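Participant: The following file, data-v5.tsv, comprises TSV, C-alpha atoms and all ligand atoms:
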```
chain	number	residue	atom	x	y	z
A	1	MET	CA	147.26	44.73	15.57
A	2	SER	CA	150.36	44.96	17.71
A	3	ASP	CA	151.46	42.31	20.05
A	4	ILE	CA	150.72	44.50	23.09
A	5	GLU	CA	147.21	45.28	21.87
A	6	ASN	CA	146.61	41.57	21.46
A	7	LEU	CA	147.84	40.85	24.95
A	8	GLU	CA	145.67	43.66	26.36
A	9	ARG	CA	142.56	42.37	24.62
A	10	ASP	CA	143.23	38.89	25.85
A	11	LEU	CA	143.74	40.00	29.46
A	12	LEU	CA	140.69	42.30	29.45
A	13	ALA	CA	138.56	39.43	28.18
A	14	LYS	CA	139.79	37.21	31.01
A	15	ILE	CA	139.06	39.94	33.55
A	16	THR	CA	135.53	40.37	32.19
A	17	ALA	CA	134.99	36.62	32.28
A	18	ALA	CA	136.12	36.21	35.90
A	19	GLU	CA	133.04	35.34	37.94
A	20	THR	CA	134.53	35.14	41.42
A	21	GLY	CA	137.11	36.99	43.47
A	22	ALA	CA	139.34	33.92	43.33
A	23	ALA	CA	139.15	33.69	39.51
A	24	LEU	CA	139.95	37.39	39.26
A	25	GLU	CA	142.93	36.95	41.58
A	26	ASP	CA	144.22	34.17	39.30
A	27	VAL	CA	144.04	36.56	36.33
A	28	ARG	CA	145.85	39.25	38.33
A	29	VAL	CA	148.67	36.91	39.32
A	30	ALA	CA	148.98	35.62	35.74
A	31	ALA	CA	149.27	39.21	34.41
A	32	LEU	CA	150.80	41.41	37.10
A	33	GLY	CA	152.30	38.89	39.53
A	34	LYS	CA	156.10	38.51	39.72
A	35	LYS	CA	156.08	36.01	36.87
A	36	GLY	CA	152.99	37.37	35.16
A	37	VAL	CA	152.95	38.08	31.44
A	38	VAL	CA	152.97	41.86	31.86
A	39	SER	CA	155.73	41.71	34.48
A	40	GLU	CA	157.83	39.46	32.21
A	41	ARG	CA	157.41	42.02	29.40
A	42	MET	CA	158.49	44.83	31.73
A	43	LYS	CA	161.69	42.91	32.48
A	44	THR	CA	162.60	42.99	28.77
A	45	LEU	CA	162.79	46.81	28.85
A	46	GLY	CA	166.26	46.66	30.42
A	47	LYS	CA	167.67	44.81	27.47
A	48	MET	CA	166.26	47.18	24.86
A	49	SER	CA	168.06	49.93	23.01
A	50	PRO	CA	167.21	53.44	24.22
A	51	GLU	CA	165.02	54.09	21.15
A	52	GLU	CA	163.12	50.87	21.56
A	53	ARG	CA	162.70	51.56	25.27
A	54	LYS	CA	161.37	55.03	24.54
A	55	GLU	CA	158.57	53.49	22.55
A	56	MET	CA	157.93	50.31	24.51
A	57	GLY	CA	158.30	51.87	28.00
A	58	PRO	CA	155.14	54.03	27.85
A	59	ALA	CA	153.30	51.30	25.92
A	60	LEU	CA	154.03	48.63	28.56
A	61	ASN	CA	153.44	51.00	31.51
A	62	GLY	CA	150.13	52.03	29.92
A	63	LEU	CA	149.21	48.36	29.52
A	64	LYS	CA	150.14	47.61	33.11
A	65	SER	CA	148.09	50.45	34.57
A	66	ARG	CA	145.02	49.77	32.36
A	67	ILE	CA	145.06	46.11	33.36
A	68	ALA	CA	145.47	47.06	37.04
A	69	ASP	CA	142.53	49.52	36.74
A	70	ALA	CA	140.38	46.94	35.01
A	71	ILE	CA	141.11	44.38	37.72
A	72	GLU	CA	140.30	46.91	40.44
A	73	ALA	CA	137.01	47.88	38.74
A	74	LYS	CA	136.06	44.24	38.30
A	75	LYS	CA	136.90	43.56	41.96
A	76	THR	CA	134.56	46.34	43.13
A	77	GLU	CA	131.85	45.04	40.80
A	78	LEU	CA	132.17	41.49	42.16
A	79	GLU	CA	132.11	42.72	45.79
A	80	GLU	CA	128.98	44.78	45.19
A	81	ALA	CA	127.26	41.87	43.49
A	82	ALA	CA	128.17	39.58	46.41
A	83	LEU	CA	126.85	42.09	48.95
A	84	ASN	CA	123.60	42.56	47.03
A	85	ALA	CA	123.11	38.81	46.79
A	86	ARG	CA	123.68	38.48	50.51
A	87	LEU	CA	121.29	41.32	51.37
A	88	ALA	CA	118.64	39.79	49.14
A	89	SER	CA	119.01	36.35	50.71
A	90	GLU	CA	119.01	37.66	54.29
A	91	LYS	CA	116.09	40.06	53.87
A	92	ILE	CA	113.48	39.95	56.66
A	93	ASP	CA	110.05	41.37	55.97
A	94	VAL	CA	109.20	42.90	59.33
A	95	THR	CA	105.67	43.66	58.16
A	96	LEU	CA	104.85	39.95	57.99
A	97	PRO	CA	102.64	38.72	60.86
A	98	ILE	CA	104.27	36.45	63.45
A	99	ARG	CA	103.53	32.76	62.89
A	100	PRO	CA	102.19	31.23	65.00
A	101	GLU	CA	100.15	34.08	66.50
A	102	PRO	CA	101.20	34.84	70.09
A	103	LYS	CA	98.98	32.93	72.51
A	104	GLY	CA	97.99	33.66	76.07
A	105	LYS	CA	96.13	36.43	77.85
A	106	ILE	CA	96.57	38.42	81.03
A	107	HIS	CA	94.05	37.32	83.69
A	108	PRO	CA	91.52	40.02	84.70
A	109	VAL	CA	92.74	39.81	88.32
A	110	SER	CA	96.29	40.64	87.22
A	111	GLN	CA	95.07	43.40	84.93
A	112	VAL	CA	92.83	45.03	87.54
A	113	THR	CA	95.60	44.76	90.17
A	114	GLU	CA	97.90	46.60	87.75
A	115	GLU	CA	95.21	49.24	87.17
A	116	ILE	CA	94.84	49.80	90.92
A	117	ILE	CA	98.62	49.99	91.36
A	118	ALA	CA	98.86	52.52	88.50
A	119	ILE	CA	96.25	54.77	90.15
A	120	PHE	CA	97.74	54.73	93.64
A	121	SER	CA	101.34	54.95	92.39
A	122	ALA	CA	100.41	58.22	90.73
A	123	MET	CA	99.17	59.44	94.16
A	124	GLY	CA	102.54	58.56	95.72
A	125	PHE	CA	101.79	55.14	97.25
A	126	ASP	CA	104.38	52.33	97.41
A	127	VAL	CA	103.50	48.66	96.97
A	128	ALA	CA	104.07	46.38	99.99
A	129	GLU	CA	103.62	42.62	100.25
A	130	GLY	CA	103.50	39.98	102.96
A	131	PRO	CA	103.23	36.20	103.37
A	132	ASP	CA	100.11	34.16	102.56
A	133	ILE	CA	100.73	31.99	105.63
A	134	GLU	CA	100.33	34.10	108.76
A	135	ASP	CA	100.18	33.74	112.52
A	136	ASP	CA	97.32	34.73	114.77
A	137	PHE	CA	99.16	37.84	115.99
A	138	HIS	CA	99.46	39.55	112.59
A	139	ASN	CA	96.13	38.37	111.16
A	140	PHE	CA	94.00	39.03	114.26
A	141	THR	CA	95.50	40.03	117.62
A	142	ALA	CA	97.57	43.03	116.50
A	143	LEU	CA	94.60	44.18	114.44
A	144	ASN	CA	92.60	44.52	117.65
A	145	PHE	CA	90.48	41.37	117.33
A	146	PRO	CA	89.93	40.43	121.01
A	147	PRO	CA	90.42	36.71	121.84
A	148	ASP	CA	87.23	34.75	121.13
A	149	HIS	CA	85.70	37.77	119.43
A	150	PRO	CA	83.01	36.68	116.93
A	151	ALA	CA	84.77	38.68	114.19
A	152	ARG	CA	87.38	35.89	114.12
A	153	GLU	CA	84.65	33.37	113.34
A	154	MET	CA	83.26	35.63	110.61
A	155	HIS	CA	86.44	35.18	108.65
A	156	ASP	CA	85.98	31.40	108.16
A	157	THR	CA	89.67	30.91	108.63
A	158	PHE	CA	91.71	28.01	107.20
A	159	PHE	CA	93.98	26.83	110.02
A	160	PHE	CA	97.03	24.57	109.85
A	161	GLU	CA	97.60	21.70	112.33
A	162	PRO	CA	98.54	23.03	115.79
A	163	LYS	CA	102.25	23.32	116.56
A	164	GLU	CA	103.80	21.82	119.71
A	165	ASP	CA	103.06	24.98	121.69
A	166	GLY	CA	99.40	24.77	120.61
A	167	SER	CA	99.54	27.81	118.28
A	168	ARG	CA	98.23	27.41	114.77
A	169	MET	CA	99.41	29.09	111.60
A	170	LEU	CA	96.67	30.13	109.18
A	171	LEU	CA	96.07	31.29	105.62
A	172	ARG	CA	95.65	35.04	105.94
A	173	THR	CA	91.97	36.00	105.76
A	174	HIS	CA	92.73	39.53	104.57
A	175	THR	CA	95.68	41.70	103.49
A	176	SER	CA	95.46	43.73	106.73
A	177	PRO	CA	98.29	41.79	108.48
A	178	VAL	CA	100.70	43.53	106.08
A	179	GLN	CA	99.62	46.82	107.71
A	180	ILE	CA	101.02	45.45	110.96
A	181	ARG	CA	104.23	44.17	109.34
A	182	THR	CA	104.81	47.55	107.70
A	183	MET	CA	104.10	49.66	110.79
A	184	MET	CA	106.41	47.47	112.87
A	185	SER	CA	109.29	47.72	110.41
A	186	GLN	CA	109.00	51.21	108.93
A	187	LYS	CA	108.81	54.70	110.37
A	188	PRO	CA	105.91	56.98	109.33
A	189	PRO	CA	105.01	58.71	107.09
A	190	ILE	CA	103.68	55.52	105.50
A	191	ARG	CA	101.76	55.46	102.26
A	192	ILE	CA	101.34	51.92	100.92
A	193	ILE	CA	98.99	49.68	99.03
A	194	ILE	CA	99.10	45.95	99.58
A	195	PRO	CA	97.85	43.69	96.79
A	196	GLY	CA	97.68	39.98	97.54
A	197	ARG	CA	95.94	36.63	97.82
A	198	THR	CA	93.56	36.03	100.72
A	199	PHE	CA	91.70	32.90	101.89
A	200	ARG	CA	88.38	32.08	103.50
A	201	CYS	CA	86.40	28.85	103.64
A	202	ASP	CA	83.54	30.02	101.42
A	203	SER	CA	82.28	29.26	97.92
A	204	ASP	CA	79.35	30.51	95.84
A	205	GLN	CA	78.77	32.76	92.82
A	206	THR	CA	80.52	35.71	94.47
A	207	HIS	CA	82.86	33.89	96.90
A	208	THR	CA	85.83	31.61	96.30
A	209	PRO	CA	88.12	30.06	98.96
A	210	MET	CA	91.02	32.05	97.49
A	211	PHE	CA	90.44	35.63	96.39
A	212	HIS	CA	92.36	38.88	96.10
A	213	GLN	CA	92.43	42.14	98.01
A	214	VAL	CA	94.17	45.45	97.81
A	215	GLU	CA	94.72	47.05	101.18
A	216	GLY	CA	95.67	50.69	101.65
A	217	LEU	CA	97.39	52.35	104.60
A	218	VAL	CA	98.37	55.94	105.27
A	219	ILE	CA	100.04	56.93	108.55
A	220	ASP	CA	101.19	60.47	109.24
A	221	LYS	CA	100.92	63.20	111.87
A	222	GLU	CA	97.87	65.05	110.59
A	223	THR	CA	95.83	62.47	108.77
A	224	HIS	CA	92.05	62.72	108.95
A	225	MET	CA	88.81	61.33	107.53
A	226	GLY	CA	88.79	64.01	104.80
A	227	HIS	CA	92.00	62.54	103.37
A	228	LEU	CA	90.42	59.10	103.42
A	229	LYS	CA	87.34	60.27	101.53
A	230	GLY	CA	89.32	62.34	99.03
A	231	THR	CA	91.71	59.47	98.27
A	232	LEU	CA	88.99	56.86	97.79
A	233	GLU	CA	86.69	59.14	95.77
A	234	ALA	CA	89.57	59.99	93.44
A	235	PHE	CA	90.31	56.28	93.13
A	236	VAL	CA	86.73	55.34	92.21
A	237	LYS	CA	86.50	58.02	89.50
A	238	THR	CA	89.78	56.99	87.93
A	239	PHE	CA	89.14	53.26	88.23
A	240	PHE	CA	85.65	53.28	86.72
A	241	GLU	CA	86.75	55.98	84.27
A	242	ILE	CA	83.79	58.28	85.01
A	243	SER	CA	84.43	61.79	86.27
A	244	ASP	CA	80.95	62.23	87.71
A	245	VAL	CA	80.11	59.47	90.18
A	246	LYS	CA	78.54	59.81	93.62
A	247	THR	CA	79.94	57.92	96.60
A	248	ARG	CA	78.52	57.39	100.07
A	249	PHE	CA	80.21	56.43	103.34
A	250	ARG	CA	78.06	54.29	105.65
A	251	PRO	CA	79.08	53.65	109.29
A	252	HIS	CA	80.27	50.08	109.81
A	253	PHE	CA	82.34	48.02	112.21
A	254	PHE	CA	85.87	46.69	111.85
A	255	PRO	CA	87.97	45.92	114.95
A	256	PHE	CA	91.02	47.66	113.46
A	257	THR	CA	89.44	51.01	112.57
A	258	GLU	CA	87.50	53.63	114.52
A	259	PRO	CA	85.41	55.12	113.06
A	260	SER	CA	84.82	52.50	110.37
A	261	ALA	CA	82.81	52.82	107.19
A	262	GLU	CA	81.81	51.05	104.05
A	263	MET	CA	81.99	52.99	100.83
A	264	ASP	CA	79.14	52.70	98.34
A	265	VAL	CA	79.15	53.81	94.71
A	266	GLN	CA	76.09	55.10	92.86
A	267	TYR	CA	74.91	52.77	90.08
A	268	GLU	CA	72.02	51.66	87.93
A	269	ARG	CA	71.25	48.28	86.41
A	270	VAL	CA	70.36	48.41	82.71
A	271	GLY	CA	69.40	44.93	81.56
A	272	ASN	CA	72.28	42.74	82.70
A	273	GLU	CA	74.68	45.62	82.84
A	274	VAL	CA	75.78	47.56	85.93
A	275	ARG	CA	76.37	51.24	85.11
A	276	PHE	CA	78.25	53.38	87.60
A	277	GLY	CA	77.76	57.13	87.92
A	278	GLN	CA	74.03	57.03	87.16
A	279	GLY	CA	70.79	55.88	88.82
A	280	ASP	CA	69.86	55.80	92.49
A	281	LYS	CA	71.16	52.46	93.72
A	282	TRP	CA	74.24	52.03	95.93
A	283	MET	CA	76.84	49.29	95.65
A	284	GLU	CA	79.29	48.56	98.45
A	285	ILE	CA	82.82	48.32	97.12
A	286	LEU	CA	85.17	48.59	100.09
A	287	GLY	CA	85.66	48.82	103.84
A	288	CYS	CA	87.68	51.62	105.40
A	289	GLY	CA	88.27	53.73	108.48
A	290	MET	CA	90.70	55.58	110.71
A	291	VAL	CA	93.32	53.21	112.12
A	292	HIS	CA	92.31	52.20	115.67
A	293	PRO	CA	94.60	53.64	118.42
A	294	ASN	CA	95.08	50.08	119.75
A	295	VAL	CA	96.47	48.98	116.39
A	296	LEU	CA	98.93	51.88	116.38
A	297	ARG	CA	99.96	51.00	119.96
A	298	ASN	CA	100.36	47.32	119.05
A	299	CYS	CA	102.88	48.44	116.43
A	300	GLY	CA	104.79	50.73	118.78
A	301	LEU	CA	103.34	53.98	117.45
A	302	ASP	CA	101.99	56.70	119.73
A	303	PRO	CA	98.34	57.43	118.77
A	304	ASP	CA	98.72	60.98	120.16
A	305	GLU	CA	101.44	61.60	117.59
A	306	TYR	CA	100.27	59.58	114.60
A	307	GLN	CA	96.93	58.94	112.98
A	308	GLY	CA	96.11	57.14	109.79
A	309	PHE	CA	93.48	55.67	107.58
A	310	ALA	CA	93.16	52.31	105.90
A	311	TRP	CA	90.92	50.48	103.52
A	312	GLY	CA	90.50	47.07	101.99
A	313	MET	CA	88.82	46.08	98.75
A	314	GLY	CA	88.19	42.92	96.77
A	315	VAL	CA	90.06	42.89	93.49
A	316	ASP	CA	88.02	40.06	91.99
A	317	ARG	CA	84.77	41.86	92.78
A	318	LEU	CA	86.07	45.10	91.23
A	319	ALA	CA	87.09	43.15	88.12
A	320	MET	CA	83.60	41.55	87.90
A	321	LEU	CA	81.94	44.97	88.20
A	322	LYS	CA	84.20	46.82	85.79
A	323	TYR	CA	84.32	44.17	83.08
A	324	GLY	CA	80.87	42.61	83.52
A	325	ILE	CA	82.04	39.11	84.52
A	326	PRO	CA	79.10	37.24	86.07
A	327	ASP	CA	80.56	34.35	88.12
A	328	LEU	CA	83.60	34.59	90.39
A	329	ARG	CA	84.23	30.84	90.40
A	330	ASP	CA	85.12	30.96	86.67
A	331	PHE	CA	88.08	33.20	87.57
A	332	PHE	CA	89.89	30.21	88.99
A	333	ALA	CA	88.55	27.39	86.82
A	334	ALA	CA	91.59	27.57	84.50
A	335	ASP	CA	89.37	27.39	81.40
A	336	ALA	CA	91.39	28.62	78.41
A	337	ARG	CA	88.20	29.67	76.55
A	338	TRP	CA	87.16	31.88	79.47
A	339	LEU	CA	90.59	33.50	79.60
A	340	GLU	CA	90.60	33.99	75.83
A	341	HIS	CA	87.29	35.86	76.20
A	342	TYR	CA	87.84	37.89	79.38
A	343	GLY	CA	91.64	38.15	79.36
A	344	PHE	CA	93.76	41.10	78.25
A	345	ASP	CA	96.49	41.51	75.69
A	346	ALA	CA	99.96	41.47	77.18
A	347	ALA	CA	100.62	44.78	75.40
A	348	ASP	CA	97.70	46.50	77.21
A	349	GLN	CA	99.71	47.80	80.15
A	350	PRO	CA	97.43	49.96	82.28
A	351	SER	CA	98.71	53.49	82.83
A	352	LEU	CA	97.10	56.81	83.64
A	353	TRP	CA	98.60	58.54	80.60
A	354	ALA	CA	97.78	55.91	77.97
A	355	GLY	CA	94.39	55.03	79.48
A	356	LEU	CA	93.60	52.45	82.15
A	357	SER	CA	91.57	50.15	79.94
A	358	LYS	CA	91.46	50.31	76.18
B	1	LIG	N1	90.22	43.56	106.19
B	1	LIG	C1	88.84	43.84	105.84
B	1	LIG	C2	88.19	42.61	105.27
B	1	LIG	O1	88.86	41.78	104.75
B	1	LIG	C3	88.76	44.94	104.83
B	1	LIG	C4	89.17	46.25	105.44
B	1	LIG	C5	88.21	47.07	106.01
B	1	LIG	C6	90.48	46.62	105.47
B	1	LIG	C7	88.56	48.26	106.58
B	1	LIG	C8	90.85	47.84	106.05
B	1	LIG	C9	89.87	48.63	106.60
B	1	LIG	O2	92.10	48.26	106.10
B	1	LIG	O3	90.24	49.81	107.17
B	1	LIG	O4	87.02	42.47	105.35
```
Reformat the file's structure so that it appears as structure tokens.
Facilitator:
Amino acid sequence: MSDIENLERDLLAKITAAETGAALEDVRVAALGKKGVVSERMKTLGKMSPEERKEMGPALNGLKSRIADAIEAKKTELEEAALNARLASEKIDVTLPIRPEPKGKIHPVSQVTEEIIAIFSAMGFDVAEGPDIEDDFHNFTALNFPPDHPAREMHDTFFFEPKEDGSRMLLRTHTSPVQIRTMMSQKPPIRIIIPGRTFRCDSDQTHTPMFHQVEGLVIDKETHMGHLKGTLEAFVKTFFEISDVKTRFRPHFFPFTEPSAEMDVQYERVGNEVRFGQGDKWMEILGCGMVHPNVLRNCGLDPDEYQGFAWGMGVDRLAMLKYGIPDLRDFFAADARWLEHYGFDAADQPSLWAGLSK
């Protein structure tokens, strides 16, 4: 075997044996680097006779290019192996369940509020909000409660200590003051719903000192009772997810609406369960009416130009009815077991297209 063949075999064996990029680089430098064995051999060509060079030239060039190819091939092989090893070690199995399981549930009040917002948003309503701590003007006076009117007493108001001028701030007893704030700051047409916390000094199975309402207000130039009925009937059908449910409007009194009504929904009790859309019983679910001309005037609107309708409903009560929750006080007892049972998955976002409740 010739000297060159020996050298080639030796170098190829070293290339094959190289296990890392660095080891391979050492082999390359030792063979093809400036002072490498192959390079040193190439230098000898200049001193050879033409005949010798004719034979050794192609032999050495062939050696050089085969060694260079072999190094290149080995380099690619090592890089691929390194990449595969890295991919294998960094692999994430996305089908594995999350540990620990996500904890926490959405409270029924939040869920039902979102359901109500989804329904009225689709009808073109905006969401408005106002402060929990109110003054007498927004909570009562502007809403046409006359001074010393018994309706003020009916609200079992929580008052703060009197200020120096004798006036007292209060915890709003309903979301209606946000009607006033909106009408005083915004030009009609107005189409809003007002979700929020409300407060009354009351506590039993269906009353808690803090509860939730959603108020609605529509003000425009040609608004009438038919719009009120149509809006609220559409709401009830969508909310209870029954297309065929009877509703009834009973005359009532609220200082801020004229005429005023309470809306009842047809239901039947089967065992412990309340079923809407069947039977011959009526359940009151909200108060409503045409906005009183005095209220419009109090907000700087001309009742001969604008009319409107409004309603107010208890979110907690609607949640109890829809999801069969027996005692309102448990809503605010902060019992994790209760929330685990009655709460909703964070992923269950209510929407009209995906279904309100799953
Ligand atoms: N504010 C009333 C309450 O808390 C509910 C209500 C009734 C609101 C009729 C309205 C309405 O806007 O028109 O008892």
Participant: Report, in Å with one decimal, the straight-line distance from CA of Lys34 in chain A to CA of Ser2 in chain A.
Facilitator: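 Distance reported for this atom pair: 23.6 Å.
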Participant: Can you measure CA of Ser167 in chain A to CA of Asp135 in chain A for me? One decimal in Å is fine.
Facilitator: 8.3 Å
Participant: Which distance in Å separates CA of Thr231 in chain A and CA of Ser176 in chain A, to one decimal?
Facilitator: 18.3 Å
Participant: So, counting only C-alpha atoms and all ligand atoms, which residue among A:Arg269, A:His174, A:Arg250, A:Lys281 is closest to ligand LIG 1 (chain B)?
Facilitator: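 For ligand LIG 1 (chain B), the nearest of the given residues is A:His174.
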Participant: For ligand LIG 1 (chain B), which residue among A:Thr198, A:Thr247, A:Gln278, A:Gln205 is the nearest when counting all atoms listed in the file?
Facilitator: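 Answer, going by the shortest atom-to-atom distance: A:Thr198.
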Participant: Would you fill the gaps in range 166-182 of chain A so it has N, CA, C and O atoms, then print it as a compact mmCIF listing (two decimals), in the coordinates of the input?
Facilitator:
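To be explicit, this is the file written out as out37.txt:
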```
# COMPACT_ATOMS: atom_id res chain seq x y z
N GLY A 166 100.85 24.61 120.71
CA GLY A 166 99.40 24.77 120.61
C GLY A 166 98.98 25.86 119.64
O GLY A 166 97.81 25.93 119.25
N SER A 167 99.92 26.73 119.20
CA SER A 167 99.54 27.81 118.28
C SER A 167 99.34 27.23 116.87
O SER A 167 99.94 26.21 116.52
N ARG A 168 98.50 27.90 116.12
CA ARG A 168 98.23 27.41 114.77
C ARG A 168 98.51 28.50 113.75
O ARG A 168 98.06 29.63 113.91
N MET A 169 99.25 28.15 112.71
CA MET A 169 99.41 29.09 111.60
C MET A 169 98.11 29.06 110.80
O MET A 169 97.30 28.14 110.93
N LEU A 170 97.91 30.07 109.95
CA LEU A 170 96.67 30.13 109.18
C LEU A 170 96.94 30.76 107.81
O LEU A 170 97.99 31.36 107.60
N LEU A 171 95.99 30.57 106.90
CA LEU A 171 96.07 31.29 105.62
C LEU A 171 95.44 32.65 105.87
O LEU A 171 94.31 32.72 106.37
N ARG A 172 96.16 33.71 105.56
CA ARG A 172 95.65 35.04 105.94
C ARG A 172 94.25 35.26 105.36
O ARG A 172 93.98 34.90 104.21
N THR A 173 93.36 35.81 106.19
CA THR A 173 91.97 36.00 105.76
C THR A 173 91.77 37.36 105.11
O THR A 173 90.71 37.64 104.56
N HIS A 174 92.77 38.21 105.21
CA HIS A 174 92.73 39.53 104.57
C HIS A 174 94.17 40.04 104.39
O HIS A 174 95.11 39.41 104.89
N THR A 175 94.33 41.15 103.68
CA THR A 175 95.68 41.70 103.49
C THR A 175 96.08 42.62 104.65
O THR A 175 97.21 43.11 104.69
N SER A 176 95.17 42.82 105.61
CA SER A 176 95.46 43.73 106.73
C SER A 176 96.70 43.37 107.55
O SER A 176 97.35 44.27 108.08
N PRO A 177 97.07 42.07 107.70
CA PRO A 177 98.29 41.79 108.48
C PRO A 177 99.53 42.50 107.92
O PRO A 177 100.48 42.76 108.69
N VAL A 178 99.52 42.84 106.64
CA VAL A 178 100.70 43.53 106.08
C VAL A 178 100.76 44.98 106.58
O VAL A 178 101.84 45.57 106.65
N GLN A 179 99.60 45.52 107.01
CA GLN A 179 99.62 46.82 107.71
C GLN A 179 100.52 46.71 108.93
O GLN A 179 101.37 47.56 109.18
N ILE A 180 100.28 45.65 109.71
CA ILE A 180 101.02 45.45 110.96
C ILE A 180 102.51 45.29 110.66
O ILE A 180 103.37 45.93 111.28
N ARG A 181 102.82 44.42 109.68
CA ARG A 181 104.23 44.17 109.34
C ARG A 181 104.92 45.47 108.90
O ARG A 181 106.08 45.69 109.24
N THR A 182 104.19 46.30 108.17
CA THR A 182 104.81 47.55 107.70
C THR A 182 105.02 48.53 108.84
O THR A 182 106.09 49.11 108.98
```
